[in-house]
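Beneath this line is the structure, given in structure tokens, with notes to follow.
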Amino acid sequence: MIMTFDAQEVIQQELEPGERLVWAGQPLQGMRFRRSDLFMIPFSLLWGGFAFFWEWTVIQEDGPLVAQLFGLPFVLVGLYMIAGRFFLEAKQREKTFYGISNERLIIASGIFKKTMTSLNLNTLNNISLTEESDGSGTITFGPPSLAGPWFGRMPWPGAESFLGPSFDLLENAKTVYQHIRDAQKSLTTRTS
């Protein structure tokens with residue numbers, strides 16, 4: 001993965017004195033389909049189809065205003081699940097930056113507000129690499145999530161707390177994984 005100037009600049013601002021940047025990058029950009037979409041696309045079409053049918057029927061039959069208003073949130077959620085989530089996730093990845101320093105991992109993200117996550121290399125002991133056939137992949141830190149296979153990294157408000165930190169959709173995931181392992185080994189050697 002090529003170290004982009006933006007990623008370097010963003011992560012460099014977060015480094016402490018004496019801390020050295022080893023690698024910086026971003027997730028793959030644009031709209032992406034994930035394995036979780038095998039479940040989410042049919043589910044979203046069923047949800048949205050039912051919500052649209054409900055709303056259309058109530059409006060056509062001149063149903064009570066309460067019934068018409070009741071269906072609107074379900075229609076909005078359906079629109080988000082069918083299409084909106086792809087646009088929001090693409091925007092979220094555009095504003096996400098990853099860094100590996102000689103001491104820690106850094107994740108800077110946020111569309112509306114900046115969120116910083118820092119993981120100490122000394123205490124980080126559960127690292128998982130999921131690699132696709134094209135070399136792209138995700139590196140997950142901490143125990144695997146039970147919700148991950150079903151909902152992936154879909155941008156639901158508050159979902160990050162259930163899925164845990166990760167370097168998501170990396171171009172050359174194995175190379176980045178090796179950078180992390182090397183930084184851990186180097187840190188262990190220095191402290192011994």
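Ordered as shown in the structure tokens, chains take letters A, B, and onward, while each chain numbers its residues from 1 and ligands are numbered from 1 in the order shown.
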* Can you list, as a list in words, every protein, DNA or RNA residue that comes within 7 Å of A:Ala24 when you count only C-alpha atoms, leaving out same-chain residues fewer than 6 positions away? ->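 Here the qualifying residues turn out to be Met3, Ala7, Gln8, Ile11, Tyr98, Gly99 and Ile100 of chain A.
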The selected residues should be written to file as a PDB file, in the first residue's frame (atoms: N, CA and C atoms).
```
ATOM      1  N   MET A   3       1.961   4.879   0.895  1.00  0.00           N
ATOM      2  CA  MET A   3       1.722   5.774   2.010  1.00  0.00           C
ATOM      3  C   MET A   3       1.272   7.112   1.443  1.00  0.00           C
ATOM      4  N   ALA A   7      -2.644  10.682   4.755  1.00  0.00           N
ATOM      5  CA  ALA A   7      -2.569   9.762   5.888  1.00  0.00           C
ATOM      6  C   ALA A   7      -1.330  10.067   6.739  1.00  0.00           C
ATOM      7  N   GLN A   8      -0.212  10.267   6.096  1.00  0.00           N
ATOM      8  CA  GLN A   8       1.021  10.611   6.834  1.00  0.00           C
ATOM      9  C   GLN A   8       0.815  11.884   7.645  1.00  0.00           C
ATOM     10  N   ILE A  11      -1.750  11.345  10.664  1.00  0.00           N
ATOM     11  CA  ILE A  11      -1.194  10.510  11.737  1.00  0.00           C
ATOM     12  C   ILE A  11       0.014  11.189  12.390  1.00  0.00           C
ATOM     13  N   TYR A  98      -5.130   5.322   9.136  1.00  0.00           N
ATOM     14  CA  TYR A  98      -4.485   4.352  10.009  1.00  0.00           C
ATOM     15  C   TYR A  98      -2.999   4.665  10.106  1.00  0.00           C
ATOM     16  N   GLY A  99      -2.434   4.385  11.261  1.00  0.00           N
ATOM     17  CA  GLY A  99      -1.001   4.571  11.433  1.00  0.00           C
ATOM     18  C   GLY A  99      -0.402   3.525  12.355  1.00  0.00           C
ATOM     19  N   ILE A 100       0.846   3.195  12.070  1.00  0.00           N
ATOM     20  CA  ILE A 100       1.627   2.320  12.934  1.00  0.00           C
ATOM     21  C   ILE A 100       2.868   3.122  13.319  1.00  0.00           C
TER      22      ILE A 100
END
```
* Which neighbours of stretch 104-110 of chain A fall inside 7 Å, counting only C-alpha atoms, when residues of the same chain fewer than 5 positions from it are skipped, and could you give them as a ChimeraX atom specification? -> /A:92,95-99,115-121
* To do: Taking the chain letters and numbering used in this document, name the residues of stretch 73-181 of chain A that DSSP puts in alpha helix (DSSP H), as an MDAnalysis selection string.
  => chainID A and resid 73:79 85:94 148:151 160:163 173:181
Assign secondary structure with DSSP using the backbone only, and return the residues of stretch 2-177 of chain A in strand (DSSP E or B) as a PDB file with N, CA and C atoms, in the first residue's frame.
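Resulting contents of states_7.pdb:
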```
ATOM      1  N   LEU A  21       6.893   7.340  13.066  1.00  0.00           N
ATOM      2  CA  LEU A  21       5.889   6.740  12.187  1.00  0.00           C
ATOM      3  C   LEU A  21       6.527   5.632  11.351  1.00  0.00           C
ATOM      4  N   VAL A  22       5.927   4.425  11.379  1.00  0.00           N
ATOM      5  CA  VAL A  22       6.410   3.280  10.615  1.00  0.00           C
ATOM      6  C   VAL A  22       5.614   3.145   9.313  1.00  0.00           C
ATOM      7  N   TRP A  23       4.297   3.343   9.406  1.00  0.00           N
ATOM      8  CA  TRP A  23       3.420   3.192   8.246  1.00  0.00           C
ATOM      9  C   TRP A  23       2.163   4.018   8.464  1.00  0.00           C
ATOM     10  N   ALA A  24       1.604   4.550   7.380  1.00  0.00           N
ATOM     11  CA  ALA A  24       0.314   5.250   7.434  1.00  0.00           C
ATOM     12  C   ALA A  24      -0.439   4.959   6.152  1.00  0.00           C
ATOM     13  N   GLY A  25      -1.745   4.877   6.246  1.00  0.00           N
ATOM     14  CA  GLY A  25      -2.559   4.610   5.068  1.00  0.00           C
ATOM     15  C   GLY A  25      -4.034   4.794   5.358  1.00  0.00           C
ATOM     16  N   PHE A  97      -8.088   7.220   8.731  1.00  0.00           N
ATOM     17  CA  PHE A  97      -6.653   7.116   8.533  1.00  0.00           C
ATOM     18  C   PHE A  97      -6.076   6.158   9.562  1.00  0.00           C
ATOM     19  N   TYR A  98      -5.130   5.322   9.136  1.00  0.00           N
ATOM     20  CA  TYR A  98      -4.485   4.352  10.009  1.00  0.00           C
ATOM     21  C   TYR A  98      -2.999   4.665  10.106  1.00  0.00           C
ATOM     22  N   GLY A  99      -2.434   4.385  11.261  1.00  0.00           N
ATOM     23  CA  GLY A  99      -1.001   4.571  11.433  1.00  0.00           C
ATOM     24  C   GLY A  99      -0.402   3.525  12.355  1.00  0.00           C
ATOM     25  N   ILE A 100       0.846   3.195  12.070  1.00  0.00           N
ATOM     26  CA  ILE A 100       1.627   2.320  12.934  1.00  0.00           C
ATOM     27  C   ILE A 100       2.868   3.122  13.319  1.00  0.00           C
ATOM     28  N   SER A 101       3.057   3.292  14.618  1.00  0.00           N
ATOM     29  CA  SER A 101       4.278   3.953  15.083  1.00  0.00           C
ATOM     30  C   SER A 101       5.148   2.900  15.752  1.00  0.00           C
ATOM     31  N   ARG A 104       2.686   2.322  19.014  1.00  0.00           N
ATOM     32  CA  ARG A 104       1.243   2.070  19.041  1.00  0.00           C
ATOM     33  C   ARG A 104       0.627   2.082  17.649  1.00  0.00           C
ATOM     34  N   LEU A 105      -0.635   1.659  17.620  1.00  0.00           N
ATOM     35  CA  LEU A 105      -1.455   1.761  16.417  1.00  0.00           C
ATOM     36  C   LEU A 105      -2.406   2.921  16.612  1.00  0.00           C
ATOM     37  N   ILE A 106      -2.664   3.658  15.546  1.00  0.00           N
ATOM     38  CA  ILE A 106      -3.519   4.841  15.634  1.00  0.00           C
ATOM     39  C   ILE A 106      -4.594   4.741  14.556  1.00  0.00           C
ATOM     40  N   ILE A 107      -5.837   4.998  14.955  1.00  0.00           N
ATOM     41  CA  ILE A 107      -6.958   5.059  14.015  1.00  0.00           C
ATOM     42  C   ILE A 107      -7.614   6.422  14.208  1.00  0.00           C
ATOM     43  N   ALA A 108      -7.583   7.242  13.160  1.00  0.00           N
ATOM     44  CA  ALA A 108      -8.234   8.554  13.176  1.00  0.00           C
ATOM     45  C   ALA A 108      -9.409   8.472  12.216  1.00  0.00           C
ATOM     46  N   SER A 109     -10.606   8.794  12.695  1.00  0.00           N
ATOM     47  CA  SER A 109     -11.777   8.688  11.823  1.00  0.00           C
ATOM     48  C   SER A 109     -12.836   9.685  12.259  1.00  0.00           C
ATOM     49  N   THR A 115     -12.604  11.144  15.826  1.00  0.00           N
ATOM     50  CA  THR A 115     -12.430  10.105  16.830  1.00  0.00           C
ATOM     51  C   THR A 115     -11.039   9.527  16.678  1.00  0.00           C
ATOM     52  N   MET A 116     -10.312   9.442  17.805  1.00  0.00           N
ATOM     53  CA  MET A 116      -8.970   8.876  17.803  1.00  0.00           C
ATOM     54  C   MET A 116      -8.965   7.607  18.643  1.00  0.00           C
ATOM     55  N   THR A 117      -8.390   6.556  18.089  1.00  0.00           N
ATOM     56  CA  THR A 117      -8.203   5.312  18.825  1.00  0.00           C
ATOM     57  C   THR A 117      -6.718   5.002  18.808  1.00  0.00           C
ATOM     58  N   SER A 118      -6.187   4.671  19.979  1.00  0.00           N
ATOM     59  CA  SER A 118      -4.771   4.360  20.109  1.00  0.00           C
ATOM     60  C   SER A 118      -4.647   3.016  20.809  1.00  0.00           C
ATOM     61  N   LEU A 119      -3.895   2.105  20.206  1.00  0.00           N
ATOM     62  CA  LEU A 119      -3.690   0.771  20.764  1.00  0.00           C
ATOM     63  C   LEU A 119      -2.207   0.563  21.008  1.00  0.00           C
ATOM     64  N   ASN A 120      -1.847   0.337  22.253  1.00  0.00           N
ATOM     65  CA  ASN A 120      -0.458   0.157  22.650  1.00  0.00           C
ATOM     66  C   ASN A 120       0.068  -1.184  22.130  1.00  0.00           C
ATOM     67  N   ILE A 127      -4.409 -10.267  17.358  1.00  0.00           N
ATOM     68  CA  ILE A 127      -4.469  -9.603  16.056  1.00  0.00           C
ATOM     69  C   ILE A 127      -4.893 -10.644  15.021  1.00  0.00           C
ATOM     70  N   SER A 128      -5.960 -10.336  14.274  1.00  0.00           N
ATOM     71  CA  SER A 128      -6.459 -11.267  13.256  1.00  0.00           C
ATOM     72  C   SER A 128      -6.386 -10.625  11.883  1.00  0.00           C
ATOM     73  N   LEU A 129      -5.894 -11.365  10.921  1.00  0.00           N
ATOM     74  CA  LEU A 129      -5.834 -10.918   9.533  1.00  0.00           C
ATOM     75  C   LEU A 129      -6.841 -11.721   8.720  1.00  0.00           C
ATOM     76  N   THR A 130      -7.725 -11.020   8.023  1.00  0.00           N
ATOM     77  CA  THR A 130      -8.649 -11.642   7.080  1.00  0.00           C
ATOM     78  C   THR A 130      -8.275 -11.125   5.703  1.00  0.00           C
ATOM     79  N   GLU A 131      -7.786 -12.022   4.851  1.00  0.00           N
ATOM     80  CA  GLU A 131      -7.250 -11.605   3.553  1.00  0.00           C
ATOM     81  C   GLU A 131      -8.095 -12.181   2.421  1.00  0.00           C
ATOM     82  N   GLY A 137      -7.731  -6.785   2.577  1.00  0.00           N
ATOM     83  CA  GLY A 137      -8.236  -7.450   3.766  1.00  0.00           C
ATOM     84  C   GLY A 137      -8.388  -6.510   4.938  1.00  0.00           C
ATOM     85  N   THR A 138      -8.690  -7.111   6.071  1.00  0.00           N
ATOM     86  CA  THR A 138      -8.934  -6.372   7.301  1.00  0.00           C
ATOM     87  C   THR A 138      -8.108  -6.983   8.423  1.00  0.00           C
ATOM     88  N   ILE A 139      -7.528  -6.128   9.237  1.00  0.00           N
ATOM     89  CA  ILE A 139      -6.801  -6.562  10.426  1.00  0.00           C
ATOM     90  C   ILE A 139      -7.636  -6.129  11.621  1.00  0.00           C
ATOM     91  N   THR A 140      -8.043  -7.104  12.433  1.00  0.00           N
ATOM     92  CA  THR A 140      -8.901  -6.839  13.583  1.00  0.00           C
ATOM     93  C   THR A 140      -8.083  -6.990  14.861  1.00  0.00           C
ATOM     94  N   PHE A 141      -8.306  -6.089  15.794  1.00  0.00           N
ATOM     95  CA  PHE A 141      -7.586  -6.086  17.057  1.00  0.00           C
ATOM     96  C   PHE A 141      -8.548  -6.440  18.174  1.00  0.00           C
ATOM     97  N   SER A 166     -10.227  -1.890  14.154  1.00  0.00           N
ATOM     98  CA  SER A 166      -9.613  -2.646  13.052  1.00  0.00           C
ATOM     99  C   SER A 166      -9.011  -1.685  12.046  1.00  0.00           C
ATOM    100  N   PHE A 167      -8.100  -2.220  11.244  1.00  0.00           N
ATOM    101  CA  PHE A 167      -7.636  -1.561  10.025  1.00  0.00           C
ATOM    102  C   PHE A 167      -8.456  -2.237   8.930  1.00  0.00           C
ATOM    103  N   ASP A 168      -9.473  -1.570   8.452  1.00  0.00           N
ATOM    104  CA  ASP A 168     -10.481  -2.169   7.582  1.00  0.00           C
ATOM    105  C   ASP A 168     -10.187  -1.915   6.106  1.00  0.00           C
ATOM    106  N   LEU A 169     -10.444  -2.906   5.278  1.00  0.00           N
ATOM    107  CA  LEU A 169     -10.314  -2.810   3.817  1.00  0.00           C
ATOM    108  C   LEU A 169      -8.972  -2.232   3.357  1.00  0.00           C
ATOM    109  N   LEU A 170      -7.900  -2.859   3.782  1.00  0.00           N
ATOM    110  CA  LEU A 170      -6.561  -2.445   3.355  1.00  0.00           C
ATOM    111  C   LEU A 170      -6.228  -3.050   2.002  1.00  0.00           C
TER     112      LEU A 170
END
```
* Asked: If you measure from atom CA of A:Glu94 to atom CA of A:Val75, what distance in Å do you get, rounded to one decimal?
  -> 27.3 Å
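In this comparison, which uses only C-alpha atoms, the residue of A:Glu132, A:Glu171, A:Glu55, A:Asp182 approaching A:Gln26 most closely is A:Glu171.
Between A:Arg93 and the candidates A:Glu19, A:Gln29, A:Phe39, A:Glu14, the tightest atom-to-atom separation, counting only C-alpha atoms, involves A:Gln29.
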* To do: Might you pull out every residue within 12 Å of A:Thr189, with only C-alpha atoms counted and same-chain residues fewer than 5 positions away left off, and present them as a list in words?
  => Asn102, Asn122, Asp182, Ala183 and Gln184 of chain A
Prev. selection, N, CA and C atoms, output as a CSV table (one decimal), in the first residue's frame:
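Written file, out_7.csv:
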```
chain,number,residue,atom,x,y,z
A,102,ASN,N,6.3,3.3,16.2
A,102,ASN,CA,7.1,2.4,16.9
A,102,ASN,C,6.6,2.0,18.3
A,122,ASN,N,2.6,-2.8,23.1
A,122,ASN,CA,3.0,-3.7,24.3
A,122,ASN,C,1.9,-4.6,24.8
A,182,ASP,N,6.3,-6.7,13.1
A,182,ASP,CA,7.7,-6.2,13.2
A,182,ASP,C,7.8,-5.1,14.2
A,183,ALA,N,6.9,-4.2,14.3
A,183,ALA,CA,6.9,-3.1,15.3
A,183,ALA,C,6.8,-3.7,16.7
A,184,GLN,N,5.9,-4.7,16.9
A,184,GLN,CA,5.8,-5.4,18.2
A,184,GLN,C,7.2,-6.0,18.6
```
